[in-house]
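> This one is structure-v8.tsv, TSV, C-alpha atoms.
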```tsv
chain	number	residue	atom	x	y	z
J	1	MET	CA	-1.74	29.01	94.63
J	2	ASP	CA	-1.74	25.30	95.12
J	3	VAL	CA	-4.78	23.14	95.15
J	4	ASP	CA	-4.61	20.35	97.68
J	5	GLY	CA	-4.43	16.94	96.12
J	6	GLY	CA	-4.35	18.38	92.62
J	7	GLY	CA	-0.71	19.35	92.40
J	8	ILE	CA	-1.63	21.98	89.84
J	9	ASP	CA	-0.42	25.52	90.10
J	10	LEU	CA	-3.39	27.53	88.78
J	11	GLU	CA	-1.30	30.66	88.36
J	12	THR	CA	1.04	29.00	85.94
J	13	ALA	CA	-1.46	26.72	84.30
J	14	GLU	CA	-2.35	27.51	80.65
J	15	PRO	CA	-5.95	28.46	80.03
J	16	ALA	CA	-8.12	25.68	78.69
J	17	ALA	CA	-9.20	25.92	75.11
J	18	ASP	CA	-12.77	27.08	74.64
J	19	SER	CA	-14.85	24.31	73.16
J	20	THR	CA	-16.83	26.84	71.23
J	21	GLY	CA	-13.72	28.42	69.76
J	22	ASP	CA	-14.49	31.81	71.32
J	23	GLY	CA	-11.46	33.53	72.64
J	24	ALA	CA	-9.06	31.12	70.97
J	25	PRO	CA	-6.02	32.73	69.40
J	26	PRO	CA	-6.10	32.67	65.60
J	27	GLU	CA	-3.92	30.04	63.95
J	28	ALA	CA	-0.98	31.29	61.98
J	29	PRO	CA	-1.42	30.74	58.20
J	30	THR	CA	0.58	27.78	56.94
J	31	ALA	CA	2.93	28.30	54.00
J	32	LYS	CA	2.04	26.35	50.82
J	33	LYS	CA	4.38	23.44	50.57
J	34	ALA	CA	6.25	23.12	47.29
J	35	ILE	CA	5.75	19.78	45.49
J	36	ALA	CA	9.06	17.97	45.29
J	37	HIS	CA	9.69	15.94	42.08
J	38	ASP	CA	12.19	13.20	42.66
J	39	TRP	CA	13.67	10.72	40.16
J	40	ARG	CA	10.57	8.53	40.29
J	41	TRP	CA	8.44	11.36	38.91
J	42	VAL	CA	10.90	11.86	36.04
J	43	VAL	CA	11.05	8.14	35.25
J	44	GLY	CA	7.27	7.94	35.36
J	45	GLY	CA	6.96	10.85	32.93
J	46	VAL	CA	9.46	9.31	30.52
J	47	GLY	CA	7.63	6.00	30.77
J	48	ARG	CA	4.30	7.60	29.89
J	49	VAL	CA	5.83	9.35	26.87
J	50	LEU	CA	7.38	6.08	25.66
J	51	ILE	CA	4.06	4.27	26.06
J	52	VAL	CA	2.29	6.91	23.97
J	53	LEU	CA	4.99	6.77	21.29
J	54	GLY	CA	4.84	2.97	21.27
J	55	LEU	CA	1.08	3.04	20.78
J	56	LEU	CA	1.44	5.53	17.93
J	57	VAL	CA	4.06	3.32	16.22
J	58	LEU	CA	1.87	0.26	16.72
J	59	GLY	CA	-1.04	2.18	15.25
J	60	PHE	CA	1.08	3.07	12.22
J	61	VAL	CA	1.96	-0.59	11.67
J	62	VAL	CA	-1.74	-1.46	11.85
J	63	TYR	CA	-2.43	1.29	9.33
J	64	GLN	CA	0.24	-0.01	6.95
J	65	LEU	CA	-1.01	-3.59	7.06
J	66	TRP	CA	-4.76	-3.02	7.18
J	67	GLY	CA	-5.54	0.67	6.91
J	68	THR	CA	-3.99	0.89	3.45
J	69	GLY	CA	-6.36	-1.88	2.42
J	70	ILE	CA	-9.25	0.50	3.02
J	71	GLN	CA	-7.81	2.92	0.47
J	72	GLU	CA	-7.27	0.12	-2.03
J	73	ALA	CA	-10.78	-1.26	-1.55
J	74	ARG	CA	-12.33	2.16	-2.19
J	75	ALA	CA	-10.20	2.62	-5.29
J	76	GLN	CA	-11.06	-0.87	-6.57
J	77	ASN	CA	-14.79	-0.24	-6.22
J	78	LYS	CA	-14.48	2.91	-8.32
J	79	LEU	CA	-12.18	1.24	-10.86
J	80	GLU	CA	-14.50	-1.73	-11.25
J	81	ALA	CA	-17.43	0.53	-12.09
J	82	GLN	CA	-15.29	2.41	-14.62
J	83	PHE	CA	-13.97	-0.80	-16.16
J	84	ASN	CA	-17.45	-2.30	-16.50
J	85	ASP	CA	-18.58	0.86	-18.29
J	86	ILE	CA	-15.61	0.61	-20.65
J	87	ILE	CA	-16.38	-3.02	-21.47
J	88	ALA	CA	-20.07	-2.25	-21.97
J	89	THR	CA	-19.38	0.60	-24.39
J	90	THR	CA	-16.62	-1.12	-26.39
J	91	PRO	CA	-17.86	-2.13	-29.86
J	92	ALA	CA	-17.82	-5.81	-30.71
J	93	PRO	CA	-14.93	-6.92	-32.96
J	94	THR	CA	-15.59	-6.53	-36.65
J	95	THR	CA	-12.50	-8.32	-37.95
J	96	VAL	CA	-12.73	-11.75	-39.50
J	97	PRO	CA	-11.62	-14.79	-37.48
J	98	THR	CA	-7.91	-15.51	-37.57
J	99	THR	CA	-7.05	-18.75	-39.31
J	100	VAL	CA	-3.93	-20.66	-38.33
J	101	THR	CA	-2.67	-23.15	-40.90
J	102	THR	CA	-0.26	-25.93	-40.00
J	103	VAL	CA	1.83	-27.44	-42.77
J	104	ALA	CA	4.16	-30.38	-42.19
J	105	ALA	CA	7.78	-29.88	-43.17
J	106	SER	CA	7.68	-32.75	-45.71
J	107	THR	CA	4.36	-31.64	-47.20
J	108	PRO	CA	4.23	-29.41	-50.28
J	109	VAL	CA	3.14	-25.91	-49.54
J	110	ALA	CA	0.01	-26.31	-51.65
J	111	THR	CA	-1.27	-29.02	-49.28
J	112	VAL	CA	-3.05	-27.79	-46.13
J	113	PRO	CA	-3.47	-30.67	-43.66
J	114	SER	CA	-5.20	-28.70	-40.85
J	115	THR	CA	-6.84	-25.32	-40.27
J	116	THR	CA	-7.90	-23.85	-36.90
J	117	THR	CA	-10.18	-20.86	-36.52
J	118	LEU	CA	-9.52	-18.86	-33.35
J	119	PRO	CA	-11.96	-16.57	-31.53
J	120	LEU	CA	-12.23	-12.93	-32.54
J	121	SER	CA	-10.12	-10.23	-30.91
J	122	ALA	CA	-11.35	-6.67	-30.55
J	123	ALA	CA	-9.22	-3.76	-31.62
J	124	PRO	CA	-6.58	-2.70	-29.08
J	125	PRO	CA	-7.65	0.02	-26.66
J	126	GLU	CA	-6.69	3.62	-27.11
J	127	LYS	CA	-3.93	4.97	-24.90
J	128	VAL	CA	-5.00	4.73	-21.28
J	129	LYS	CA	-4.04	7.45	-18.83
J	130	GLU	CA	-1.83	6.43	-15.90
J	131	GLY	CA	-3.95	5.25	-12.96
J	132	ASP	CA	-6.99	4.42	-15.10
J	133	PRO	CA	-8.43	0.88	-15.31
J	134	LEU	CA	-6.79	-1.28	-17.96
J	135	ALA	CA	-7.78	-4.90	-17.28
J	136	ARG	CA	-9.20	-7.34	-14.77
J	137	ILE	CA	-6.95	-10.08	-13.44
J	138	GLU	CA	-8.31	-13.22	-11.80
J	139	ILE	CA	-6.21	-15.94	-10.20
J	140	PRO	CA	-8.67	-18.54	-8.83
J	141	LYS	CA	-6.10	-20.56	-6.89
J	142	ILE	CA	-5.12	-17.66	-4.62
J	143	GLY	CA	-8.42	-15.77	-4.65
J	144	VAL	CA	-7.30	-12.74	-6.68
J	145	ASP	CA	-9.91	-10.67	-8.51
J	146	LYS	CA	-8.58	-7.15	-9.09
J	147	ILE	CA	-8.73	-4.33	-11.60
J	148	VAL	CA	-5.32	-3.59	-13.11
J	149	VAL	CA	-4.41	0.06	-13.61
J	150	ALA	CA	-2.04	1.62	-16.09
J	151	GLY	CA	1.32	2.46	-14.53
J	152	VAL	CA	3.45	1.24	-11.63
J	153	ALA	CA	4.00	4.47	-9.69
J	154	LEU	CA	3.18	4.44	-5.99
J	155	SER	CA	-0.05	6.32	-6.65
J	156	ASP	CA	-0.99	3.62	-9.18
J	157	LEU	CA	-0.13	0.60	-7.02
J	158	ARG	CA	-2.18	2.07	-4.17
J	159	LYS	CA	-5.23	1.36	-6.32
J	160	GLY	CA	-4.33	-2.20	-7.31
J	161	PRO	CA	-1.94	-4.15	-9.54
J	162	GLY	CA	-0.22	-1.94	-12.12
J	163	HIS	CA	0.75	-2.61	-15.72
J	164	TYR	CA	4.31	-1.72	-16.71
J	165	PRO	CA	4.15	0.98	-19.39
J	166	ASN	CA	5.70	0.07	-22.71
J	167	THR	CA	5.27	-3.65	-22.18
J	168	ALA	CA	2.68	-5.52	-24.22
J	169	LEU	CA	-0.91	-5.44	-23.09
J	170	PRO	CA	-2.46	-8.69	-21.85
J	171	GLY	CA	-3.71	-10.55	-24.88
J	172	GLN	CA	-1.06	-9.12	-27.16
J	173	ILE	CA	1.99	-10.83	-28.55
J	174	GLY	CA	4.90	-10.01	-26.27
J	175	ASN	CA	5.58	-9.77	-22.56
J	176	ALA	CA	2.71	-8.20	-20.60
J	177	ALA	CA	4.13	-7.33	-17.17
J	178	ILE	CA	2.11	-6.49	-14.04
J	179	ALA	CA	3.41	-5.46	-10.60
J	180	GLY	CA	1.46	-5.67	-7.35
J	181	HIS	CA	1.79	-5.19	-3.62
J	182	ARG	CA	2.34	-8.18	-1.39
J	183	THR	CA	1.85	-6.76	2.11
J	184	THR	CA	0.09	-3.39	1.84
J	185	TYR	CA	-2.73	-1.75	-0.12
J	186	GLY	CA	-4.87	-4.86	-0.28
J	187	ALA	CA	-1.84	-7.12	-0.93
J	188	PRO	CA	-3.21	-8.54	-4.20
J	189	PHE	CA	-0.10	-10.70	-4.71
J	190	PHE	CA	0.23	-11.82	-1.09
J	191	ARG	CA	-0.04	-15.54	-2.02
J	192	VAL	CA	1.58	-15.32	-5.43
J	193	ASP	CA	4.33	-17.66	-4.22
J	194	GLU	CA	1.77	-20.48	-4.09
J	195	LEU	CA	1.34	-20.54	-7.87
J	196	THR	CA	2.80	-23.55	-9.67
J	197	ALA	CA	3.06	-24.72	-13.26
J	198	GLY	CA	-0.35	-25.20	-14.87
J	199	ASP	CA	-2.26	-22.79	-12.59
J	200	GLU	CA	-4.69	-20.53	-14.38
J	201	ILE	CA	-4.54	-16.72	-14.65
J	202	ILE	CA	-7.44	-15.01	-16.42
J	203	VAL	CA	-7.06	-11.47	-17.74
J	204	THR	CA	-9.93	-9.53	-19.27
J	205	THR	CA	-9.37	-6.45	-21.44
J	206	VAL	CA	-11.42	-4.66	-24.09
J	207	GLN	CA	-9.85	-7.11	-26.53
J	208	GLY	CA	-11.39	-10.11	-24.79
J	209	THR	CA	-10.79	-12.60	-22.01
J	210	PHE	CA	-7.43	-14.33	-22.11
J	211	ARG	CA	-6.45	-17.48	-20.24
J	212	TYR	CA	-2.82	-17.90	-19.22
J	213	LEU	CA	-1.18	-20.96	-17.70
J	214	VAL	CA	1.71	-20.56	-15.27
J	215	THR	CA	5.00	-21.97	-16.54
J	216	GLU	CA	7.47	-20.99	-13.82
J	217	THR	CA	8.06	-19.06	-10.60
J	218	LYS	CA	11.48	-17.69	-9.75
J	219	ILE	CA	13.25	-15.31	-7.39
J	220	VAL	CA	15.47	-12.59	-8.87
J	221	LYS	CA	17.34	-9.50	-7.76
J	222	PRO	CA	15.57	-6.13	-7.93
J	223	THR	CA	17.96	-5.13	-10.71
J	224	ASP	CA	17.18	-8.13	-12.94
J	225	PHE	CA	15.39	-6.39	-15.81
J	226	THR	CA	15.45	-9.43	-18.08
J	227	VAL	CA	12.09	-10.49	-16.70
J	228	LEU	CA	10.60	-7.50	-18.56
J	229	ASP	CA	12.26	-8.26	-21.89
J	230	PRO	CA	9.93	-8.70	-24.87
J	231	THR	CA	8.99	-12.27	-25.81
J	232	PRO	CA	8.12	-13.73	-29.23
J	233	ASP	CA	4.82	-15.10	-27.97
J	234	ALA	CA	2.01	-13.90	-25.70
J	235	THR	CA	3.45	-14.00	-22.18
J	236	LEU	CA	2.24	-12.68	-18.82
J	237	THR	CA	4.72	-11.72	-16.09
J	238	LEU	CA	3.74	-10.92	-12.50
J	239	THR	CA	6.26	-9.27	-10.17
J	240	SER	CA	6.19	-8.52	-6.45
J	241	CYS	CA	8.52	-8.31	-3.47
J	242	ASN	CA	10.09	-11.30	-1.77
J	243	PRO	CA	10.05	-12.42	0.95
J	244	ARG	CA	6.88	-11.00	2.43
J	245	TYR	CA	7.38	-7.76	4.36
J	246	SER	CA	10.73	-7.24	2.61
J	247	SER	CA	11.95	-5.67	-0.63
J	248	ARG	CA	15.25	-7.52	-0.73
J	249	GLN	CA	14.28	-9.69	-3.72
J	250	ARG	CA	11.61	-10.00	-6.40
J	251	ILE	CA	9.33	-12.94	-7.01
J	252	VAL	CA	8.44	-13.42	-10.66
J	253	VAL	CA	5.65	-15.58	-12.03
J	254	ARG	CA	5.71	-16.29	-15.76
J	255	ALA	CA	2.69	-17.60	-17.70
J	256	LYS	CA	1.94	-18.41	-21.34
J	257	LEU	CA	-1.27	-17.68	-23.23
J	258	ASP	CA	-3.50	-20.72	-23.69
J	259	THR	CA	-4.27	-20.25	-27.37
J	260	THR	CA	-6.93	-22.98	-27.31
J	261	ALA	CA	-9.10	-21.02	-24.86
J	262	SER	CA	-8.33	-17.40	-25.75
J	263	PRO	CA	-8.86	-14.99	-28.64
J	264	ALA	CA	-6.02	-14.73	-31.08
J	265	PRO	CA	-3.43	-12.30	-29.67
J	266	LEU	CA	-2.77	-9.11	-31.59
J	267	PRO	CA	0.72	-7.74	-32.21
J	268	ALA	CA	1.97	-5.35	-29.56
J	269	PRO	CA	2.67	-1.76	-30.68
J	270	VAL	CA	6.30	-0.86	-31.31
J	271	THR	CA	7.68	1.41	-28.56
J	272	THR	CA	10.94	3.12	-27.80
J	273	ALA	CA	12.63	3.73	-24.51
J	274	ALA	CA	15.03	6.12	-22.88
J	275	PRO	CA	17.86	5.13	-20.53
J	276	ALA	CA	17.01	4.85	-16.87
J	277	ALA	CA	18.74	6.41	-13.93
J	278	PRO	CA	21.63	4.31	-12.54
J	279	GLY	CA	20.73	1.83	-9.82
J	280	SER	CA	17.12	1.35	-10.89
J	281	THR	CA	15.20	-1.63	-9.59
J	282	LEU	CA	11.98	-3.43	-10.35
J	283	PRO	CA	8.97	-2.14	-8.48
J	284	GLY	CA	7.39	-4.43	-5.95
J	285	ASP	CA	5.78	-3.95	-2.59
J	286	ASP	CA	5.65	-0.37	-1.27
J	287	THR	CA	7.38	1.03	-4.33
J	288	ILE	CA	7.21	4.14	-6.42
J	289	GLY	CA	8.10	4.82	-9.99
J	290	GLY	CA	8.16	2.34	-12.82
J	291	THR	CA	10.57	0.37	-14.93
J	292	GLU	CA	10.02	-0.13	-18.62
J	293	THR	CA	12.27	-2.08	-20.91
J	294	VAL	CA	12.65	-2.50	-24.63
J	295	GLY	CA	15.24	-5.28	-24.03
J	296	GLY	CA	16.58	-7.79	-26.45
J	297	GLY	CA	18.73	-9.72	-24.05
J	298	ASP	CA	21.80	-7.51	-23.92
J	299	GLN	CA	22.93	-5.40	-20.97
J	300	ALA	CA	22.01	-2.12	-22.65
J	301	ALA	CA	18.46	-3.28	-23.20
J	302	ASP	CA	18.22	-4.65	-19.70
J	303	THR	CA	18.91	-1.22	-18.25
J	304	ALA	CA	16.90	0.80	-20.75
J	305	LEU	CA	13.95	1.85	-18.64
J	306	VAL	CA	11.42	4.22	-20.10
J	307	SER	CA	10.48	6.19	-17.02
J	308	GLY	CA	13.83	6.21	-15.25
J	309	LEU	CA	11.96	6.39	-11.94
J	310	ASP	CA	13.32	3.65	-9.74
J	311	SER	CA	10.96	2.04	-7.30
J	312	PHE	CA	13.38	2.60	-4.46
J	313	SER	CA	15.25	5.67	-5.65
J	314	ALA	CA	13.19	7.88	-3.37
J	315	GLY	CA	14.49	8.22	0.18
J	316	TRP	CA	13.34	9.85	3.38
J	317	PHE	CA	11.08	12.90	2.99
J	318	SER	CA	11.22	12.68	-0.80
J	319	ASP	CA	7.57	13.67	-1.19
J	320	SER	CA	7.81	17.30	-0.15
J	321	ALA	CA	4.12	17.84	-0.83
J	322	ALA	CA	3.30	15.61	2.15
J	323	TRP	CA	4.84	17.95	4.72
J	324	PHE	CA	2.00	20.46	4.92
J	325	PRO	CA	-0.87	17.96	5.36
J	326	THR	CA	1.22	15.96	7.84
J	327	ILE	CA	1.74	19.03	10.02
J	328	VAL	CA	-1.91	20.07	9.72
J	329	TRP	CA	-3.25	16.65	10.75
J	330	ALA	CA	-0.72	16.40	13.59
J	331	ALA	CA	-1.76	19.83	14.89
J	332	LEU	CA	-5.42	18.87	14.66
J	333	ALA	CA	-4.77	15.64	16.58
J	334	GLY	CA	-2.96	17.62	19.29
J	335	PHE	CA	-5.84	20.10	19.45
J	336	ILE	CA	-8.32	17.27	19.97
J	337	VAL	CA	-6.24	15.72	22.76
J	338	ALA	CA	-5.76	19.07	24.53
J	339	GLY	CA	-9.41	20.03	24.15
J	340	PHE	CA	-10.84	16.84	25.57
J	341	TRP	CA	-8.22	16.77	28.35
J	342	PHE	CA	-9.37	20.25	29.41
J	343	LEU	CA	-12.99	19.08	29.19
J	344	GLY	CA	-12.16	16.09	31.39
J	345	ARG	CA	-10.83	18.36	34.14
J	346	HIS	CA	-14.15	20.20	34.34
J	347	TRP	CA	-16.49	17.31	33.54
J	348	LYS	CA	-16.60	13.55	33.77
J	349	ARG	CA	-13.20	12.40	32.67
J	350	TRP	CA	-14.31	9.04	31.28
J	351	ALA	CA	-17.05	10.70	29.24
J	352	ALA	CA	-14.63	13.24	27.77
J	353	TYR	CA	-12.18	10.53	26.77
J	354	LEU	CA	-14.96	8.44	25.24
J	355	LEU	CA	-16.11	11.37	23.14
J	356	ALA	CA	-12.54	12.00	21.95
J	357	VAL	CA	-11.95	8.49	20.58
J	358	ILE	CA	-13.81	8.77	17.26
J	359	PRO	CA	-12.55	12.20	16.12
J	360	PHE	CA	-9.02	11.36	17.26
J	361	LEU	CA	-8.90	8.08	15.31
J	362	PHE	CA	-10.34	9.83	12.26
J	363	VAL	CA	-7.63	12.47	12.33
J	364	LEU	CA	-4.93	9.90	13.16
J	365	TYR	CA	-5.81	7.91	10.03
J	366	PHE	CA	-5.09	10.84	7.74
J	367	PHE	CA	-1.98	11.71	9.75
J	368	TYR	CA	-0.63	8.20	9.15
J	369	GLU	CA	-1.53	8.43	5.48
J	370	ASN	CA	0.68	11.46	5.01
J	371	VAL	CA	3.48	10.19	7.25
J	372	ALA	CA	3.71	7.15	4.96
J	373	ARG	CA	4.40	9.51	2.06
J	374	LEU	CA	7.47	10.85	3.89
J	375	LEU	CA	9.05	7.45	4.45
J	376	PRO	CA	11.16	5.49	1.95
J	377	PRO	CA	8.81	3.46	-0.26
J	378	ASN	CA	10.25	0.13	0.91
J	379	ILE	CA	9.32	0.75	4.57
```
The structure given in the file should be rewritten as structure tokens.

Amino acid sequence: MDVDGGGIDLETAEPAADSTGDGAPPEAPTAKKAIAHDWRWVVGGVGRVLIVLGLLVLGFVVYQLWGTGIQEARAQNKLEAQFNDIIATTPAPTTVPTTVTTVAASTPVATVPSTTTLPLSAAPPEKVKEGDPLARIEIPKIGVDKIVVAGVALSDLRKGPGHYPNTALPGQIGNAAIAGHRTTYGAPFFRVDELTAGDEIIVTTVQGTFRYLVTETKIVKPTDFTVLDPTPDATLTLTSCNPRYSSRQRIVVRAKLDTTASPAPLPAPVTTAAPAAPGSTLPGDDTIGGTETVGGGDQAADTALVSGLDSFSAGWFSDSAAWFPTIVWAALAGFIVAGFWFLGRHWKRWAAYLLAVIPFLFVLYFFYENVARLLPPNI
């Protein structure tokens, strides 16, 4: 039927929808649309992974340059207390003053034109265990005030400058050699290149306080063992890596004992040495092992190293004992991230992330510490 003027055929017209919804046919359920991942999603995921890896690498660099200084500072505090106790409990010297007589070549031996009495020197210390405090070294010009430990292994140099075994002790006749980091673990020798002839180096041991004056600074190859050769007089040798942040060379600072302001040096004990492994080098920054020489100037003496442990002989993953703690700390870091991510999905995300920062950084510090043990020592 037609309605005049309306032009609408009521018989064919569709029923109007009920505003209340009554009588309306139920809507067919819609199928869940699958999420399509195009190339942008893949690129975005790769980008996020690279950002995280970059931040972890940056964090490791920060740990190497500054975080290792925290370890060294803790070790130095402990070593200083131990060294002060050793000095306090060391008996005063009971030997008579050493008298040095100078006789002119043209003067009969019976005539003594001048006599100088030097300060007393205490008896030499008993054998010190590797890693224990041995001396205090002060270099006023470059702000160094550190406790020197016995040994030049990586575990020793993490605590501070290390004394080469089988070289003379500071204050003894002979070549007393000390190695130290230049970029990590407190970098005690960071500014050692600024030392020039006449600069003062003060070393305190149980035998007394000895004042050395710098005579020369030179750059040598890591295999130049002559810098550790014995000397006929009381000499101090400092070694470190050169240039900074590199182990390509060694910087060597040589100093002589100022006999007018120091106790009389005692003779160094006679030591023997065993041949070193081929390719050994002098320890410097980020090194392990030690080099000890009984030299005499010839090639055989130059390569006769007591320990045979080259500073750079260790390669990747050489410290197998570091694997287990590295994996444990990595797993713990992953557990923290996953746990707080799950918490953020059911709670305030910003609050969950804020709570995760402190425990994550704590775990990350120890993770980095063990990762460093797996890397070559010169990295």
> Which residue gives the smallest distance to Thr68 (chain J) among J:Leu50, J:Ala356, J:Ala372, J:Ile201, with all atoms listed in the file counted?
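When distances to Thr68 (chain J) are compared using all atoms listed in the file, the smallest one comes from J:Ala372.
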> Counting all atoms listed in the file, which residues have an atom no more than 8 Å from (12.2, -13.5, -9.5) in the file's coordinates? Please list them as a ChimeraX atom specification.
/J:217-221,227,239,249-253
> Can you measure CA of Ser320 (chain J) to CA of Arg373 (chain J) for me? One decimal in Å is fine.
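Rounded to one decimal, the two atoms are 8.8 Å apart.
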> Need to verify the contact set: region 180-191 of chain J, 9 Å, all atoms listed in the file, exclusion of same-chain residues closer than 3 positions in sequence. Can you return it as a ChimeraX atom specification?
/J:64-73,142-146,152,157-163,194-195,238-242,244-246,283-287
> Enter the distance from CA of Phe335 (chain J) to CA of Val62 (chain J), in Å, rounded to one decimal.
23.2 Å
> Excluding Leu354 (chain J) and its own-chain neighbours fewer than 4 positions away, which residues fall within 12 Å of it when counting all atoms listed in the file? Please give them as a ChimeraX atom specification.
/J:337,340-341,343-344,348-350,358-361
> Could you take the residues named above and write them with C-alpha atoms, as an mmCIF file, in the coordinates of the input?

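Resulting contents of again.cif:
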```
data_model
loop_
_atom_site.group_PDB
_atom_site.id
_atom_site.type_symbol
_atom_site.label_atom_id
_atom_site.label_comp_id
_atom_site.auth_asym_id
_atom_site.auth_seq_id
_atom_site.Cartn_x
_atom_site.Cartn_y
_atom_site.Cartn_z
ATOM 1 C CA VAL J 337 -6.240 15.720 22.760
ATOM 2 C CA PHE J 340 -10.840 16.840 25.570
ATOM 3 C CA TRP J 341 -8.220 16.770 28.350
ATOM 4 C CA LEU J 343 -12.990 19.080 29.190
ATOM 5 C CA GLY J 344 -12.160 16.090 31.390
ATOM 6 C CA LYS J 348 -16.600 13.550 33.770
ATOM 7 C CA ARG J 349 -13.200 12.400 32.670
ATOM 8 C CA TRP J 350 -14.310 9.040 31.280
ATOM 9 C CA ILE J 358 -13.810 8.770 17.260
ATOM 10 C CA PRO J 359 -12.550 12.200 16.120
ATOM 11 C CA PHE J 360 -9.020 11.360 17.260
ATOM 12 C CA LEU J 361 -8.900 8.080 15.310
#
```
> Have a look at J:Ile327, J:Ala88, J:Ile147, J:Ala177 and name the one nearest to Val206 (chain J); count all atoms listed in the file.
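Counting all atoms listed in the file, the residue closest to Val206 (chain J) is J:Ala88.
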> Go through J:Arg248, J:Arg345, J:Arg136, J:Lys256 and flag the residue nearest Glu200 (chain J), using only C-alpha atoms for the distances.
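Counting only C-alpha atoms, the residue closest to Glu200 (chain J) is J:Lys256.
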> Measuring between only C-alpha atoms, which one of J:Gly131, J:Gly45, J:Pro222, J:Gly54 shows the shortest distance to Gln82 (chain J)?
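Looking at the shortest contact to Gln82 (chain J), the residue is J:Gly131.
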> Between CA of Pro267 (chain J) and CA of Gly151 (chain J), what distance in Å does the model show, to one decimal?
20.4 Å
> Counting all atoms listed in the file, which residue out of J:Thr90, J:Asn370, J:Asn77, J:Thr226 sits closest to Gly208 (chain J)?
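Result for the nearest residue to Gly208 (chain J): J:Thr90.
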> Under the rule that all atoms listed in the file are counted, which of J:Ala81, J:Ile86, J:Val61, J:Ala179 is the nearest residue to Glu369 (chain J)?
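Of all the options, J:Val61 lies closest to Glu369 (chain J).
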